[in-house]
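Following: one structure in structure tokens, then a few remarks.
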Amino acid sequence: MTDYEKMLDKAYSQLPERATQAERFEMPYAEIQIQGTKTLIRNFDLIISKIRRDPQILVKYFSRELAVPATYANGKVTLHGKFSDRAVNEKLNEFVNSYVLCKECKKPDTKLIEGAHGVRSLICEACGARSPIRN
Ligand SMILES: [Zn+2]
């Protein structure tokens, strides 16, 4: 290793862990649009591509948490009720925290598996942690 490489190595090792993780995963943000008595999530497919979860799980989650029917078509979700930007994004953040981010290392490199009786667990590909998901 050259002196320059040593210096770089040292600099990287001193980076706070939190900063590098924040850089890796950006919380998705739902863009909504009110249409009459309905709320549309316009960028649903983009959210799905970021969080790598089955869209139907997130659609069901919104439906249950907001207590209205929700339908998924053409890359958009329609919530059959009027909701503020904040209300929808609060639910989205909760979903990401429960269904996407590892409970141990907070990284998004996880997969969801369904066990007996429909109990889901989150398996982390980064640290190997396995956490059951409530609900
Ligand atoms: Zn982990």
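Chain identifiers are assigned as A, B, and so on, following the order in which chains appear in the structure tokens; residues are numbered from 1 within each chain, and ligands are numbered from 1 in order of appearance.
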Need the shell around Met27 (chain A): protein/DNA/RNA residues with any atom at most 12 Å away, counting only C-alpha atoms. Skip same-chain ones fewer than 3 positions apart. Format as a PyMOL selection string? chain A and resi 21-24+30+46-48+50-51+89-90+92-97+100-101+106-108
Limited to C-alpha atoms, could you put the picked residues into a file as a CSV table (one decimal), in the first residue's frame?
chain,number,residue,atom,x,y,z
A,21,GLN,CA,-25.9,3.7,5.4
A,22,ALA,CA,-28.0,6.9,4.8
A,23,GLU,CA,-26.2,7.2,1.5
A,24,ARG,CA,-27.2,3.7,0.4
A,30,ALA,CA,-45.2,8.8,-2.4
A,46,LEU,CA,-40.9,3.6,-8.6
A,47,ILE,CA,-41.5,3.0,-4.9
A,48,ILE,CA,-41.7,-0.8,-5.6
A,50,LYS,CA,-36.7,0.9,-4.7
A,51,ILE,CA,-38.0,-1.3,-2.0
A,89,ASN,CA,-46.1,8.8,3.5
A,90,GLU,CA,-46.3,8.1,7.2
A,92,LEU,CA,-45.2,4.1,3.6
A,93,ASN,CA,-42.4,4.9,6.1
A,94,GLU,CA,-43.9,2.4,8.5
A,95,PHE,CA,-44.1,-0.2,5.8
A,96,VAL,CA,-40.4,0.3,4.9
A,97,ASN,CA,-39.3,0.1,8.5
A,100,VAL,CA,-37.8,-3.7,4.1
A,101,LEU,CA,-35.1,-2.5,6.5
A,106,LYS,CA,-31.0,-1.1,9.1
A,107,LYS,CA,-29.9,-2.1,5.6
A,108,PRO,CA,-32.4,-2.6,2.8
Write out, as a Markdown table, each residue of chain A that has an atom at most 9 Å from ligand 1, together with the closest pair of atoms and their distance in Å to one decimal, counting only C-alpha atoms and all ligand atoms, rows going by chain and rising number.
| residue | atom | partner | partner_atom_place_in_ligand_line | distance |
| --- | --- | --- | --- | --- |
| A:Leu101 | CA | ligand 1 | 1 (Zn) | 7.8 |
| A:Cys102 | CA | ligand 1 | 1 (Zn) | 4.6 |
| A:Lys103 | CA | ligand 1 | 1 (Zn) | 6.6 |
| A:Glu104 | CA | ligand 1 | 1 (Zn) | 5.0 |
| A:Cys105 | CA | ligand 1 | 1 (Zn) | 4.1 |
| A:Lys106 | CA | ligand 1 | 1 (Zn) | 6.0 |
| A:Lys107 | CA | ligand 1 | 1 (Zn) | 5.7 |
| A:Pro108 | CA | ligand 1 | 1 (Zn) | 8.0 |
| A:Asp109 | CA | ligand 1 | 1 (Zn) | 7.5 |
| A:Thr110 | CA | ligand 1 | 1 (Zn) | 7.5 |
| A:Ile123 | CA | ligand 1 | 1 (Zn) | 7.8 |
| A:Cys124 | CA | ligand 1 | 1 (Zn) | 4.6 |
| A:Glu125 | CA | ligand 1 | 1 (Zn) | 6.7 |
| A:Ala126 | CA | ligand 1 | 1 (Zn) | 5.1 |
| A:Cys127 | CA | ligand 1 | 1 (Zn) | 4.0 |
| A:Gly128 | CA | ligand 1 | 1 (Zn) | 5.9 |
| A:Ala129 | CA | ligand 1 | 1 (Zn) | 5.3 |
| A:Arg130 | CA | ligand 1 | 1 (Zn) | 8.1 |
As an exercise, work out the distance from CA of Tyr99 (chain A) to CA of Gly81 (chain A) in Å and give it to one decimal place.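 Computing it gives 24.0 Å between the two atoms.
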Taking only C-alpha atoms into account, which of A:Pro69, A:Pro132, A:Gly118, A:Gly75 comes nearest Lys38 (chain A)?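 That would be A:Pro69, the residue with the smallest distance to Lys38 (chain A).
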Closest to Leu40 (chain A) among A:Ala67, A:Leu122, A:Met7, A:Val59, using only C-alpha atoms?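 Among the listed residues, A:Val59 lies closest to Leu40 (chain A).
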I need the residues in region 42-133 of chain A that are strand (DSSP E) according to DSSP; give them as a compact mmCIF listing (two decimals) with C-alpha atoms, in the first residue's frame.
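Now in states07.txt:
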# COMPACT_ATOMS: atom_id res chain seq x y z
CA ALA A 70 -57.10 0.00 -2.54
CA THR A 71 -56.58 -1.06 -6.15
CA TYR A 72 -53.42 -1.45 -8.19
CA ALA A 73 -53.41 -0.93 -11.96
CA LYS A 76 -50.53 3.34 -9.89
CA VAL A 77 -52.46 2.71 -6.73
CA THR A 78 -55.88 4.14 -6.04
CA LEU A 79 -56.94 4.53 -2.43
CA THR A 110 -33.45 -8.08 2.76
CA LYS A 111 -35.93 -10.62 1.52
CA LEU A 112 -39.33 -11.48 2.80
CA ILE A 113 -40.27 -15.08 3.37
CA GLU A 114 -43.61 -16.52 4.29
CA ARG A 120 -43.67 -13.46 7.52
CA SER A 121 -40.03 -13.04 8.36
CA LEU A 122 -37.48 -10.60 7.10
CA ILE A 123 -34.12 -12.16 6.25
CA CYS A 124 -31.16 -9.82 5.94
CA ARG A 130 -33.96 -12.95 10.77
CA SER A 131 -36.85 -11.04 12.25
CA PRO A 132 -40.52 -11.97 12.33
If I take CA of Glu65 (chain A) and CA of Phe25 (chain A), how far is one from the other in Å, to one decimal?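 Taking CA of Glu65 (chain A) as the start and CA of Phe25 (chain A) as the end point, the length is 24.1 Å.
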Any idea what's packed within 10 Å of Ser84 (chain A), counting only C-alpha atoms, ignoring anything in its chain fewer than 4 positions away? Could you give it as a ChimeraX atom specification? /A:32-34,39,88-90
Keeping only C-alpha atoms, write the selected residues to a file as a short mmCIF file (atom, residue, chain, number, x, y, z; two decimals), in the first residue's frame.
data_model
loop_
_atom_site.label_atom_id
_atom_site.label_comp_id
_atom_site.auth_asym_id
_atom_site.auth_seq_id
_atom_site.Cartn_x
_atom_site.Cartn_y
_atom_site.Cartn_z
CA ILE A 32 -50.12 11.63 -4.42
CA GLN A 33 -52.96 13.20 -6.30
CA ILE A 34 -56.52 13.65 -5.06
CA THR A 39 -56.28 9.35 -3.63
CA VAL A 88 -49.83 8.30 2.99
CA ASN A 89 -46.10 8.84 3.47
CA GLU A 90 -46.32 8.06 7.17
#
Using DSSP secondary structure from the backbone, list all helix (DSSP H, G or I) positions within chain A, as JSON, numbers by chain. {"A": [3, 4, 5, 6, 7, 8, 9, 10, 11, 12, 13, 17, 18, 19, 20, 21, 22, 23, 24, 44, 45, 46, 47, 48, 49, 50, 51, 55, 56, 57, 58, 59, 60, 61, 62, 63, 64, 65, 66, 85, 86, 87, 88, 89, 90, 91, 92, 93, 94, 95, 96, 97, 98, 99, 116, 117, 118]}
CA of Gln56 (chain A) to CA of Gly36 (chain A): how many Å, to one decimal?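 Spanning CA of Gln56 (chain A) to CA of Gly36 (chain A) is a straight-line distance of 24.0 Å.
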